[in-house]
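Read the structure below first, then the notes.
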Amino acid sequence: SEGFLKMAADLSVVGLVEEFVVGQHDAPAKDLATGVIDGKCTALEIVEALGASLTNSEPRTRGRGVHLLSQVLLLSYSTLSQKEVEVLVIFYVDRLKDHHLITPYVLQGLKALSMSSVMPEGLAVMVLKALFQELHVQSLLQSDRHSVYSIITNFMDNREQELKGLGADFTFGFIQAMDGEKDPRNLLIAFQISRDLIVNDYDLGSFVEELFEITSCYFPVDFTPPSTDPHGISQDDLVLSLRSVLTATPRFAEFLLPLLVEKLDSDVQNAKVDSLQTLMACCKDYRTKDLKEFLPALWHSIRREVFQTAVEKVETEGLAALQAIATSLSKSVIDSDAEDSLDTFLSNVLQDCEHHLCEPDMKLVWPSAKLLQAAASASYRAWCKITSCIFPLLLEQFNKHKQSSQRWTILGILKIFIKLADNWSRDEEDENSLCAFKDQLCGLVFSALTDSSAQLQTVGTGTLAVLGSQQGLLSPSDIELSVDHLNRLILQEDDPQVCAAALEASATISAIHPSAFISKMVPALTRELSTEPMETKDDVEQPALTRHVMHQRSVRALAAISTHPSVVQKTVPVLLKHLTDLQKESADSKGDVAILTCQSLQLVVEQCKDAGDSSQYFHQMVVPCLLGLAVQASIQASAVGCGSEVPLGVLCEEKVIAALGTVISTAYSHRQTELVSRTISQVVALFLDGNDSFLPENNLGGKFHPFHTPSPPWPQTQLIALLQAAVCSLPKNVVVPQQERLLAQLIELCCTSNHQFTYTSAAKCVAGLINKYPAGEQLDGVLRDVLKKMDSELQRNGGDCSQPSSRTRIFTLLLWLTKSLVLRYHPVAAALTDKLLALLTDPELGAEAAEGFSLLVSDSADVLNKATHADVRIMYRQRFFTENVSKLVQGFHAAGKDNKSNYLKALSHVLNSLPKQVLLTQLPSLLTLLLEALSCPDQVVQLSTLGCLQPLLLEAPHVMGLHIETLVGKLLHLTTSPAMILPHKARVIQALAKPLDDKKRLVRREAVAARGEWFLLGSPGR
């Protein structure tokens, strides 16, 4: 029985072999490989079955036989035994001497065998020797040359020690094989082999220069892949691969550096950039002995490029290369007898640059400063050498030049070099190297701060910030004088740029010298905020800076200097008191100042998020104080009566409440879970039970019950926005206390409140909680209850125009709940989206539903975003589009004339949210619909559609060309309304710049005419 099965298997192998060789069918190769893998036959049995084919006098028949065997081996090499591999290797090596028609298939077989892990020792060397002796690699086809390189690569990966036993013969054999290679696909693998030869310490022998020559001949790479290239090989791939070879060893230095100098002297910009980048790369491993001989030539080339080039990229790379050279020289150990190469090199740099700093016309000041900066950036030693030489010169030039513009230039250069000192750490007991120039620098900076030129004041303020950030440089008296200057610039200087620079400098210096700001700036800002605005008559000239502006600057300054915990505890009470005073004043114009104060508090919270003491201070003192102020204001407003003519105070304004919410949200979004968990329960208890024991205000003047039924006063219910800011910003691992009860109360408020800000805030809060709610039966139950309630409310009063607000508030809840589930890919999101789609035909809510699609796919500032730790899945917009685009299109076609615009608006919102590349793939199928949307009377639809079409016009004109007649007609119709196209003026003018350089004169002429018309659009008479 076994003999019969064996005979049957043999007959099967013979039949498949005959079908491949004689029948010229390729499929049997896969069947035979499967047989080898499954153990039904062996590779040697296939060789035996191929016997007649392999000895046939016709080369094509022999080639067909070897082809079959190689195809089988490529699929089954991992299952071969050591004995099989040995026999097959000897067979294939012998076949290398056969007819050239068979060579491609022999190489495929050797490639398969080179991947075997059981190849006996010595066979890899035998294969390589045969390849190098029997083949002239560069006379082979590209695919065959690739096979040779692949065999070498495989052996280098798994037979490294055997190959190293060949010594330099292996290197020489590879050099001969690669010499003259031109195909990019082969070059990538050949470059990799070259690099591996070097970095893996193969014996290069006397062939170092030869290896360099066969690779450097491709430098710089000049390759433009064809537009239809299926291999995806770019010029950058080749550039980086070649660079990894050329910079792999300092042994190439004597050959590479002259080549780089030669290419830098060429007129080809790409060659210059590539040379400079290669120089940077090799400097990482090169040392003084490798660079020394070529330093003068390299410096000469780099200096010329920075001084003369008009190409920014060349200049940037030149400066980076100079820094790399100086960095390499800085790493060399200085012998007492040897020359200090870094010092010598920097002396040459200084000799060629420092005299430009003293030229009256200052023509080459900035190029020289950039070169000196690049060299000084290399090391602390280089910085000390250069600054000790140029600082006296620059200080002298500042005093010599009297024009503000020249002083601005010199001070800007000094600022750059002072800031470089931050690049190196030093021990606290070490004296700052800038101390020798400290008094002169301070005098120079202080004189700039009192100059009449705003430009000079601005750079002087920036320089002061850099000086102040240096540890141990400025004395206490210097710091105090600096703070006095900053106070003056913030509170008295007219120019807003100078004020902004002063705020930035204050933020920098206060983090290092907090005491001076506590003693001098905080009191000055506090006094300013307590100063009442003076009433002025209409005929009296207003001061340059109004008190209102000074109050705003003071608030911003208090936030800016709150960079140290000790400062925070002084500035925050001032901001809170200012907020309290604004509420007491109850003036209509105070809302903006209150919002700015809240924004400043939010900035302080953000700055202190990593400081444990400050975060605790905010949670224990600041958040309760803010809630207390808001609750007290709401209780007082409720007592006065909502319809009263008495002003309710700024803290009852919706915008101010929203601003307060950002402060609370930022505080609770920080990941200090223990602190957050401790205080959030107090916030929830305040809103659910009116428990105000943690609030600092002892006398609130009444009870706070925003969820009290029936009809709680809106000044209290609108503070749900603050509750939402707290509970919806919590990290996901913090459990919201009494969450089920809170959700029930919020949903009830969504359904009953007639106050838009209240029910919108409640809906956001529900959405924020549901988005982070753990998946499971409990969440499913909550969603079922919410859906049931929403359905009943939407169906009730459906079409009854006397009850519009009821359905609007339910719709608001539906919208935000849908967004929360869409973001987390919840299954119920599809059902809710279908409800919104159905509402597009609703006579009352259709327009709102269409606009709601913008909310679904856009980022929300205060809830359901990454900052508040919401569950936001990647590419949710693309998924939403894919699931709903067909429904929108079908709905559009089925809708009546009055509702079509709703579908178009919804679709355009969704399309505009997609990334550009995704949009380009989807637009062609929707083009007909979008062109129809241009005829929609709704301006939002028109503008949104134009926004969708714009990238298609730029990136896929061939698609738009099929509809050009329709598009032009639609656009001409829109041009009858200038208001419609004015928003696109800048974009069109920019797009028309490209055809100005078209090779056809007629195109250029039309582009000029069209651009001129667009420039004049919106001008009088147009």
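Starting from 1 in every chain, residues are counted up; chains themselves are A, B, ... following the order of the structure tokens, and ligands are numbered from 1 as listed.
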
Checklist entry - Out of range 172-397 of chain A, which residues get alpha helix (DSSP H) from DSSP, as a PyMOL selection string? => result chain A and resi 172-178+184-199+208-216+235-246+253-264+269-283+288-291+295-308+312-330+341-353+365-376+380-397

Residue neighbourhood Val127 in chain A, 10 Å, only C-alpha atoms, exclusion window fewer than 6 positions, as a PDB file with N, CA and C atoms, in the first residue's frame:
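Saved result, part_10.pdb, follows:
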```pdb
ATOM      1  N   VAL A  89      22.715  23.626  -3.576  1.00  0.00           N
ATOM      2  CA  VAL A  89      23.701  24.696  -3.760  1.00  0.00           C
ATOM      3  C   VAL A  89      24.762  24.261  -4.768  1.00  0.00           C
ATOM      4  N   ILE A  90      25.269  23.060  -4.589  1.00  0.00           N
ATOM      5  CA  ILE A  90      26.291  22.548  -5.524  1.00  0.00           C
ATOM      6  C   ILE A  90      25.725  22.490  -6.943  1.00  0.00           C
ATOM      7  N   TYR A  92      23.280  24.351  -8.232  1.00  0.00           N
ATOM      8  CA  TYR A  92      23.088  25.703  -8.782  1.00  0.00           C
ATOM      9  C   TYR A  92      24.427  26.369  -9.113  1.00  0.00           C
ATOM     10  N   VAL A  93      25.418  26.183  -8.258  1.00  0.00           N
ATOM     11  CA  VAL A  93      26.732  26.771  -8.536  1.00  0.00           C
ATOM     12  C   VAL A  93      27.274  26.229  -9.852  1.00  0.00           C
ATOM     13  N   ASP A  94      27.077  24.934 -10.068  1.00  0.00           N
ATOM     14  CA  ASP A  94      27.521  24.328 -11.329  1.00  0.00           C
ATOM     15  C   ASP A  94      26.763  24.922 -12.511  1.00  0.00           C
ATOM     16  N   LEU A  96      25.781  27.876 -12.910  1.00  0.00           N
ATOM     17  CA  LEU A  96      26.230  29.230 -13.262  1.00  0.00           C
ATOM     18  C   LEU A  96      27.093  29.229 -14.517  1.00  0.00           C
ATOM     19  N   LEU A 110      19.435  30.440  -6.169  1.00  0.00           N
ATOM     20  CA  LEU A 110      20.445  30.793  -5.170  1.00  0.00           C
ATOM     21  C   LEU A 110      19.922  31.829  -4.177  1.00  0.00           C
ATOM     22  N   SER A 114      19.872  31.174  -0.268  1.00  0.00           N
ATOM     23  CA  SER A 114      20.614  32.084   0.617  1.00  0.00           C
ATOM     24  C   SER A 114      19.790  32.492   1.835  1.00  0.00           C
ATOM     25  N   GLN A 133      33.210  35.126  -9.950  1.00  0.00           N
ATOM     26  CA  GLN A 133      34.087  34.596 -11.006  1.00  0.00           C
ATOM     27  C   GLN A 133      33.343  34.319 -12.305  1.00  0.00           C
ATOM     28  N   ILE A 151      21.220  38.131  -2.835  1.00  0.00           N
ATOM     29  CA  ILE A 151      21.998  36.992  -2.326  1.00  0.00           C
ATOM     30  C   ILE A 151      23.090  37.490  -1.376  1.00  0.00           C
ATOM     31  N   ILE A 152      23.788  38.549  -1.794  1.00  0.00           N
ATOM     32  CA  ILE A 152      24.853  39.112  -0.954  1.00  0.00           C
ATOM     33  C   ILE A 152      24.278  39.610   0.366  1.00  0.00           C
ATOM     34  N   PHE A 155      23.348  36.709   2.735  1.00  0.00           N
ATOM     35  CA  PHE A 155      24.527  36.096   3.344  1.00  0.00           C
ATOM     36  C   PHE A 155      25.141  37.017   4.400  1.00  0.00           C
TER      37      PHE A 155
END
```

Checklist entry - Which polymer residues have any atom within 10 Å of an atom of range 625-640 of chain A, counting only C-alpha atoms, with same-chain residues fewer than 5 positions away left out, as a VMD selection string? => result chain A and resid 573 576 579 to 580 583 to 584 598 618 to 620 645 to 652 656 to 657 660 to 661 663 to 664 683 686 to 687 692 694 to 706 712 to 719 722 to 723

Would you save the residues from that selection as a short mmCIF file (atom, residue, chain, number, x, y, z; two decimals), in the first residue's frame, using N, CA and C atoms?
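Listing of selection-v1.cif after writing:
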```
data_model
loop_
_atom_site.label_atom_id
_atom_site.label_comp_id
_atom_site.auth_asym_id
_atom_site.auth_seq_id
_atom_site.Cartn_x
_atom_site.Cartn_y
_atom_site.Cartn_z
N PRO A 573 -5.36 86.44 44.28
CA PRO A 573 -6.31 87.21 45.09
C PRO A 573 -6.64 88.57 44.50
N LEU A 576 -9.14 87.94 41.73
CA LEU A 576 -10.45 87.58 42.29
C LEU A 576 -11.15 88.81 42.87
N LEU A 579 -12.55 90.85 40.11
CA LEU A 579 -13.79 90.25 39.62
C LEU A 579 -14.95 90.58 40.55
N THR A 580 -14.69 90.54 41.84
CA THR A 580 -15.72 90.89 42.83
C THR A 580 -16.13 92.36 42.68
N GLN A 583 -18.41 92.94 39.73
CA GLN A 583 -19.79 92.52 40.00
C GLN A 583 -20.53 93.60 40.81
N LYS A 584 -19.83 94.20 41.75
CA LYS A 584 -20.46 95.23 42.59
C LYS A 584 -20.78 96.48 41.78
N CYS A 598 -11.22 86.55 33.70
CA CYS A 598 -11.39 85.09 33.72
C CYS A 598 -10.35 84.42 32.82
N PHE A 618 -5.47 76.26 43.83
CA PHE A 618 -6.60 76.56 42.95
C PHE A 618 -7.85 75.77 43.33
N HIS A 619 -7.66 74.49 43.61
CA HIS A 619 -8.81 73.66 43.93
C HIS A 619 -9.42 74.00 45.29
N GLN A 620 -8.56 74.33 46.23
CA GLN A 620 -9.07 74.58 47.58
C GLN A 620 -9.52 76.01 47.80
N GLU A 645 -35.61 96.13 36.26
CA GLU A 645 -34.73 97.02 35.52
C GLU A 645 -33.40 97.23 36.23
N VAL A 646 -33.29 96.73 37.46
CA VAL A 646 -32.03 96.84 38.20
C VAL A 646 -30.99 95.94 37.56
N PRO A 647 -29.77 96.42 37.27
CA PRO A 647 -28.74 95.58 36.65
C PRO A 647 -28.41 94.38 37.53
N LEU A 648 -28.24 93.22 36.90
CA LEU A 648 -28.00 91.99 37.66
C LEU A 648 -26.52 91.74 37.90
N GLY A 649 -25.64 92.50 37.27
CA GLY A 649 -24.21 92.32 37.49
C GLY A 649 -23.57 91.48 36.39
N VAL A 650 -22.25 91.68 36.23
CA VAL A 650 -21.55 91.02 35.13
C VAL A 650 -21.54 89.51 35.28
N LEU A 651 -21.59 89.00 36.51
CA LEU A 651 -21.50 87.56 36.73
C LEU A 651 -22.80 86.84 36.37
N CYS A 652 -23.81 87.58 35.94
CA CYS A 652 -25.03 86.96 35.43
C CYS A 652 -25.07 86.96 33.90
N VAL A 656 -19.74 85.90 30.45
CA VAL A 656 -18.87 85.88 31.62
C VAL A 656 -18.93 84.51 32.31
N ILE A 657 -20.13 83.95 32.37
CA ILE A 657 -20.27 82.61 32.96
C ILE A 657 -19.47 81.59 32.14
N LEU A 660 -15.91 82.03 33.05
CA LEU A 660 -15.66 81.39 34.34
C LEU A 660 -15.51 79.88 34.17
N GLY A 661 -16.34 79.33 33.27
CA GLY A 661 -16.30 77.89 33.02
C GLY A 661 -14.95 77.43 32.51
N VAL A 663 -12.04 78.59 33.30
CA VAL A 663 -11.13 78.51 34.44
C VAL A 663 -11.35 77.19 35.19
N ILE A 664 -12.62 76.90 35.48
CA ILE A 664 -12.95 75.68 36.23
C ILE A 664 -12.60 74.44 35.41
N VAL A 683 -18.56 70.05 44.50
CA VAL A 683 -19.22 70.80 43.44
C VAL A 683 -20.57 70.16 43.08
N LEU A 686 -23.13 70.80 45.72
CA LEU A 686 -23.63 72.17 45.67
C LEU A 686 -24.82 72.28 44.72
N PHE A 687 -24.70 71.68 43.54
CA PHE A 687 -25.76 71.81 42.53
C PHE A 687 -26.95 70.90 42.81
N ASP A 692 -23.56 74.42 50.34
CA ASP A 692 -22.59 75.49 50.06
C ASP A 692 -21.56 75.65 51.16
N PHE A 694 -18.61 74.57 51.51
CA PHE A 694 -17.21 74.75 51.11
C PHE A 694 -16.95 76.09 50.43
N LEU A 695 -18.02 76.88 50.22
CA LEU A 695 -17.85 78.18 49.58
C LEU A 695 -17.35 79.20 50.58
N PRO A 696 -16.48 80.11 50.16
CA PRO A 696 -15.92 81.09 51.11
C PRO A 696 -16.93 82.15 51.54
N GLU A 697 -17.96 82.40 50.74
CA GLU A 697 -18.95 83.43 51.09
C GLU A 697 -19.90 82.88 52.16
N ASN A 698 -19.86 83.44 53.35
CA ASN A 698 -20.69 82.92 54.43
C ASN A 698 -22.14 83.35 54.29
N ASN A 699 -22.35 84.52 53.69
CA ASN A 699 -23.71 85.03 53.58
C ASN A 699 -24.09 85.15 52.11
N LEU A 700 -24.67 84.05 51.55
CA LEU A 700 -25.05 84.06 50.14
C LEU A 700 -26.35 84.80 49.92
N GLY A 701 -27.09 85.02 50.96
CA GLY A 701 -28.34 85.78 50.83
C GLY A 701 -29.51 84.96 50.36
N GLY A 702 -29.42 83.64 50.40
CA GLY A 702 -30.54 82.79 49.96
C GLY A 702 -30.06 81.39 49.66
N LYS A 703 -30.98 80.58 49.16
CA LYS A 703 -30.69 79.19 48.83
C LYS A 703 -30.39 79.03 47.35
N PHE A 704 -29.48 78.11 47.06
CA PHE A 704 -29.11 77.82 45.68
C PHE A 704 -29.64 76.45 45.29
N HIS A 705 -30.68 76.43 44.46
CA HIS A 705 -31.30 75.17 44.03
C HIS A 705 -31.60 75.24 42.54
N PRO A 706 -30.58 75.05 41.68
CA PRO A 706 -30.81 75.16 40.24
C PRO A 706 -31.70 74.05 39.68
N PRO A 712 -37.22 76.68 38.45
CA PRO A 712 -36.14 77.39 39.15
C PRO A 712 -35.75 78.63 38.36
N PRO A 713 -35.32 79.71 39.03
CA PRO A 713 -34.99 80.96 38.32
C PRO A 713 -33.78 80.78 37.41
N TRP A 714 -33.86 81.39 36.22
CA TRP A 714 -32.78 81.19 35.25
C TRP A 714 -31.41 81.71 35.70
N PRO A 715 -31.32 82.78 36.56
CA PRO A 715 -29.98 83.16 37.01
C PRO A 715 -29.27 82.03 37.74
N GLN A 716 -30.05 81.13 38.34
CA GLN A 716 -29.43 79.98 39.00
C GLN A 716 -29.21 78.82 38.02
N THR A 717 -30.21 78.54 37.18
CA THR A 717 -30.08 77.39 36.28
C THR A 717 -28.97 77.58 35.25
N GLN A 718 -28.69 78.83 34.88
CA GLN A 718 -27.65 79.02 33.87
C GLN A 718 -26.26 78.68 34.39
N LEU A 719 -26.13 78.57 35.71
CA LEU A 719 -24.83 78.16 36.28
C LEU A 719 -24.55 76.68 36.07
N LEU A 722 -21.24 76.03 34.69
CA LEU A 722 -20.08 75.82 35.56
C LEU A 722 -19.99 74.37 36.03
N LEU A 723 -21.16 73.77 36.29
CA LEU A 723 -21.18 72.34 36.62
C LEU A 723 -20.64 71.51 35.45
#
```

Checklist entry - For Val555 in chain A, which residue among A:Leu491, A:Leu836, A:Leu946, A:Cys442 is the nearest when counting only C-alpha atoms? => result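 Smallest separation from Val555 in chain A among the options: A:Leu491.
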
Item to check | Test item: residues at most 7 Å from range 756-772 of chain A, only C-alpha atoms, excluding those fewer than 6 positions along its chain, as a ChimeraX atom specification | outcome: /A:717-718,720-721,724,728,732,743,746,749-750,809,812-813,816-817,820-821,824,863-864,870-871

For the residues in the current selection, export N, CA, C and O atoms as a short mmCIF file (atom, residue, chain, number, x, y, z; two decimals), in the first residue's frame.
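To be explicit, this is the file written out as part-v4.cif:
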```cif
data_model
loop_
_atom_site.label_atom_id
_atom_site.label_comp_id
_atom_site.auth_asym_id
_atom_site.auth_seq_id
_atom_site.Cartn_x
_atom_site.Cartn_y
_atom_site.Cartn_z
N THR A 717 -30.21 78.54 37.18
CA THR A 717 -30.08 77.39 36.28
C THR A 717 -28.97 77.58 35.25
O THR A 717 -28.34 76.61 34.82
N GLN A 718 -28.69 78.83 34.88
CA GLN A 718 -27.65 79.02 33.87
C GLN A 718 -26.26 78.68 34.39
O GLN A 718 -25.32 78.49 33.62
N ILE A 720 -25.49 75.96 35.44
CA ILE A 720 -25.21 74.59 35.02
C ILE A 720 -23.97 74.58 34.11
O ILE A 720 -23.24 73.59 34.03
N ALA A 721 -23.71 75.69 33.45
CA ALA A 721 -22.51 75.80 32.61
C ALA A 721 -21.24 75.58 33.43
O ALA A 721 -20.26 75.00 32.94
N GLN A 724 -21.10 71.86 34.26
CA GLN A 724 -20.62 71.16 33.06
C GLN A 724 -19.11 71.31 32.92
O GLN A 724 -18.40 70.35 32.59
N CYS A 728 -17.45 67.58 33.24
CA CYS A 728 -17.12 67.10 31.89
C CYS A 728 -15.65 67.24 31.54
O CYS A 728 -15.24 66.84 30.45
N LYS A 732 -10.70 60.41 32.72
CA LYS A 732 -11.62 59.28 32.61
C LYS A 732 -11.61 58.37 33.83
O LYS A 732 -12.60 57.68 34.10
N LEU A 743 -27.52 62.90 36.05
CA LEU A 743 -28.02 62.77 34.68
C LEU A 743 -29.53 62.95 34.61
O LEU A 743 -30.05 63.63 33.72
N LEU A 746 -30.35 66.62 34.97
CA LEU A 746 -29.96 67.39 33.79
C LEU A 746 -30.91 67.16 32.62
O LEU A 746 -31.28 68.10 31.91
N LEU A 749 -34.03 69.02 33.18
CA LEU A 749 -33.83 70.45 32.93
C LEU A 749 -33.82 70.73 31.43
O LEU A 749 -34.35 71.74 30.97
N CYS A 750 -33.21 69.81 30.64
CA CYS A 750 -33.21 69.96 29.19
C CYS A 750 -34.63 70.00 28.63
O CYS A 750 -34.90 70.67 27.63
N ARG A 809 -35.59 72.66 22.47
CA ARG A 809 -34.70 72.23 23.55
C ARG A 809 -34.44 70.72 23.50
O ARG A 809 -33.34 70.26 23.79
N THR A 812 -31.94 70.20 20.85
CA THR A 812 -30.60 70.54 21.34
C THR A 812 -29.98 69.36 22.08
O THR A 812 -28.80 69.03 21.90
N LEU A 813 -30.77 68.70 22.92
CA LEU A 813 -30.29 67.53 23.64
C LEU A 813 -29.94 66.41 22.65
O LEU A 813 -28.89 65.76 22.78
N TRP A 816 -26.50 67.22 20.83
CA TRP A 816 -25.30 67.04 21.64
C TRP A 816 -25.10 65.58 22.03
O TRP A 816 -23.96 65.09 22.08
N LEU A 817 -26.19 64.87 22.28
CA LEU A 817 -26.08 63.46 22.61
C LEU A 817 -25.56 62.66 21.41
O LEU A 817 -24.73 61.76 21.56
N SER A 820 -21.83 63.17 21.16
CA SER A 820 -21.07 62.44 22.17
C SER A 820 -20.91 60.98 21.80
O SER A 820 -19.87 60.36 22.06
N LEU A 821 -21.93 60.38 21.15
CA LEU A 821 -21.88 58.97 20.79
C LEU A 821 -21.13 58.75 19.47
O LEU A 821 -20.47 57.73 19.29
N ARG A 824 -17.38 58.49 20.10
CA ARG A 824 -16.87 57.26 20.71
C ARG A 824 -17.27 56.01 19.94
O ARG A 824 -17.09 54.89 20.44
N VAL A 863 -16.35 71.40 25.55
CA VAL A 863 -16.72 70.04 25.97
C VAL A 863 -16.47 69.10 24.79
O VAL A 863 -16.37 69.53 23.64
N LEU A 864 -16.35 67.80 25.09
CA LEU A 864 -16.17 66.78 24.05
C LEU A 864 -14.94 67.06 23.18
O LEU A 864 -14.99 67.05 21.96
N ALA A 870 -12.19 63.73 26.60
CA ALA A 870 -13.33 63.05 25.98
C ALA A 870 -12.84 61.85 25.18
O ALA A 870 -11.67 61.78 24.76
N ASP A 871 -13.75 60.90 24.97
CA ASP A 871 -13.45 59.71 24.17
C ASP A 871 -13.65 60.09 22.70
O ASP A 871 -14.76 60.02 22.18
#
```

What are the closest atom pairs, with distances in Å to one decimal, for all residues of range 666-712 of chain A lying within 10 Å of range 599-607 of chain A? Consider only C-alpha atoms, order rows by chain and residue number, and present the result as a Markdown table.
```
| residue | atom | partner | partner_atom | distance |
| --- | --- | --- | --- | --- |
| A:Thr666 | CA | A:Val605 | CA | 6.7 |
| A:Ala667 | CA | A:Val605 | CA | 6.2 |
| A:Tyr668 | CA | A:Val605 | CA | 9.9 |
| A:Ser669 | CA | A:Glu606 | CA | 9.9 |
| A:His670 | CA | A:Glu606 | CA | 9.0 |
```

Checklist entry - Which residues, written as a list of chain:residue names, have at least one atom at most 8 Å from Ser147 in chain A, with only C-alpha atoms counted and residues fewer than 3 positions away on the same chain left out? => result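 Within the cut-off, the hits are A:Leu107, A:Gln108, A:Lys111, A:Ser143, A:Asp144, A:Ser150, A:Ile151.
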
Restricting the output to C-alpha atoms, write the selected residues as a PDB file, in the first residue's frame.
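As a result, again-v1.pdb now contains:
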```
ATOM      1  CA  LEU A 107      20.070  33.358  -9.484  1.00  0.00           C
ATOM      2  CA  GLN A 108      16.467  32.980  -8.274  1.00  0.00           C
ATOM      3  CA  LYS A 111      18.467  33.699  -3.752  1.00  0.00           C
ATOM      4  CA  SER A 143      16.045  41.928 -12.064  1.00  0.00           C
ATOM      5  CA  ASP A 144      19.010  39.536 -12.242  1.00  0.00           C
ATOM      6  CA  SER A 150      19.811  40.116  -2.610  1.00  0.00           C
ATOM      7  CA  ILE A 151      21.998  36.992  -2.326  1.00  0.00           C
TER       8      ILE A 151
END
```

Item to check | Separation of CA of Ser78 in chain A from CA of Thr34 in chain A, in Å and rounded to one decimal | outcome: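 About the pair CA of Ser78 in chain A and CA of Thr34 in chain A: they are 12.3 Å apart.
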
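The shortest atom-to-atom distance to Ser506 in chain A, with only C-alpha atoms taken into account, belongs to A:Leu467 out of A:Leu467, A:Ala993, A:Cys936, A:Leu473.
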
Considering only C-alpha atoms, return as a CSV table (one decimal) with N, CA, C and O atoms, in the first residue's frame whatever protein or nucleic-acid residues lie within 12 Å of Ala168 in chain A, sequence-local ones (same chain, fewer than 4 positions apart) excluded.
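Writing the result to result15.csv gives the following:
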```
chain,number,residue,atom,x,y,z
A,163,LEU,N,31.7,35.2,5.6
A,163,LEU,CA,32.0,36.2,4.6
A,163,LEU,C,33.3,37.0,5.0
A,163,LEU,O,34.1,37.3,4.2
A,164,LYS,N,33.4,37.3,6.3
A,164,LYS,CA,34.6,38.0,6.8
A,164,LYS,C,35.8,37.1,6.6
A,164,LYS,O,36.9,37.7,6.5
A,172,PHE,N,36.3,43.4,-2.7
A,172,PHE,CA,36.7,43.6,-4.1
A,172,PHE,C,35.7,42.9,-5.0
A,172,PHE,O,35.3,43.5,-6.1
A,173,GLY,N,35.2,41.8,-4.7
A,173,GLY,CA,34.2,41.1,-5.5
A,173,GLY,C,32.9,41.9,-5.6
A,173,GLY,O,32.3,42.1,-6.7
A,174,PHE,N,32.5,42.5,-4.5
A,174,PHE,CA,31.3,43.4,-4.5
A,174,PHE,C,31.5,44.6,-5.3
A,174,PHE,O,30.6,45.1,-6.1
A,175,ILE,N,32.7,45.2,-5.2
A,175,ILE,CA,33.0,46.4,-5.9
A,175,ILE,C,32.9,46.2,-7.4
A,175,ILE,O,32.3,47.0,-8.2
A,197,LEU,N,29.2,46.9,4.8
A,197,LEU,CA,30.6,46.5,4.7
A,197,LEU,C,31.4,47.4,5.7
A,197,LEU,O,32.3,46.9,6.3
A,198,ILE,N,31.0,48.7,5.7
A,198,ILE,CA,31.8,49.6,6.6
A,198,ILE,C,31.5,49.5,8.0
A,198,ILE,O,32.4,49.3,8.9
A,201,ASP,N,32.4,46.3,10.0
A,201,ASP,CA,33.8,46.0,10.1
A,201,ASP,C,34.3,44.8,9.2
A,201,ASP,O,35.1,44.0,9.6
A,202,TYR,N,33.8,44.8,8.0
A,202,TYR,CA,34.4,43.9,7.0
A,202,TYR,C,35.7,44.4,6.6
A,202,TYR,O,36.0,45.6,6.7
A,203,ASP,N,36.6,43.5,6.2
A,203,ASP,CA,37.9,43.9,5.8
A,203,ASP,C,37.9,44.7,4.4
A,203,ASP,O,37.6,44.0,3.4
A,204,LEU,N,38.2,45.9,4.4
A,204,LEU,CA,38.2,46.7,3.2
A,204,LEU,C,39.6,46.6,2.5
A,204,LEU,O,39.7,47.0,1.3
A,205,GLY,N,40.6,46.2,3.3
A,205,GLY,CA,41.9,46.1,2.7
A,205,GLY,C,42.4,47.3,2.0
A,205,GLY,O,42.3,48.4,2.6
A,206,SER,N,42.9,47.2,0.8
A,206,SER,CA,43.4,48.3,0.1
A,206,SER,C,42.4,48.9,-0.8
A,206,SER,O,42.7,49.7,-1.7
A,207,PHE,N,41.1,48.5,-0.6
A,207,PHE,CA,40.1,48.9,-1.5
A,207,PHE,C,39.2,50.0,-1.0
A,207,PHE,O,38.0,50.2,-1.4
A,208,VAL,N,39.7,50.8,0.0
A,208,VAL,CA,38.9,51.9,0.6
A,208,VAL,C,38.5,52.9,-0.5
A,208,VAL,O,37.4,53.3,-0.6
A,210,GLU,N,38.6,52.6,-3.7
A,210,GLU,CA,37.7,52.0,-4.7
A,210,GLU,C,36.3,51.9,-4.3
A,210,GLU,O,35.4,52.2,-5.1
A,211,LEU,N,36.1,51.6,-3.0
A,211,LEU,CA,34.7,51.5,-2.5
A,211,LEU,C,34.1,52.9,-2.5
A,211,LEU,O,32.9,53.1,-2.9
```

Checklist outcome for this item: Judged by only C-alpha atoms, the minimum distance to Ile989 in chain A among A:Ile418, A:Val72, A:Leu128, A:Leu1016 is found for A:Leu1016

Checklist entry - If you count only C-alpha atoms, which residues fall within 10 Å of Val522 in chain A, apart from same-chain ones fewer than 6 positions away, as a list in words? => result Asn487, Ala516, Glu528, Ser554, Ala557, Leu558, Ile561, Val567, Lys570, Thr571 and Val574 of chain A
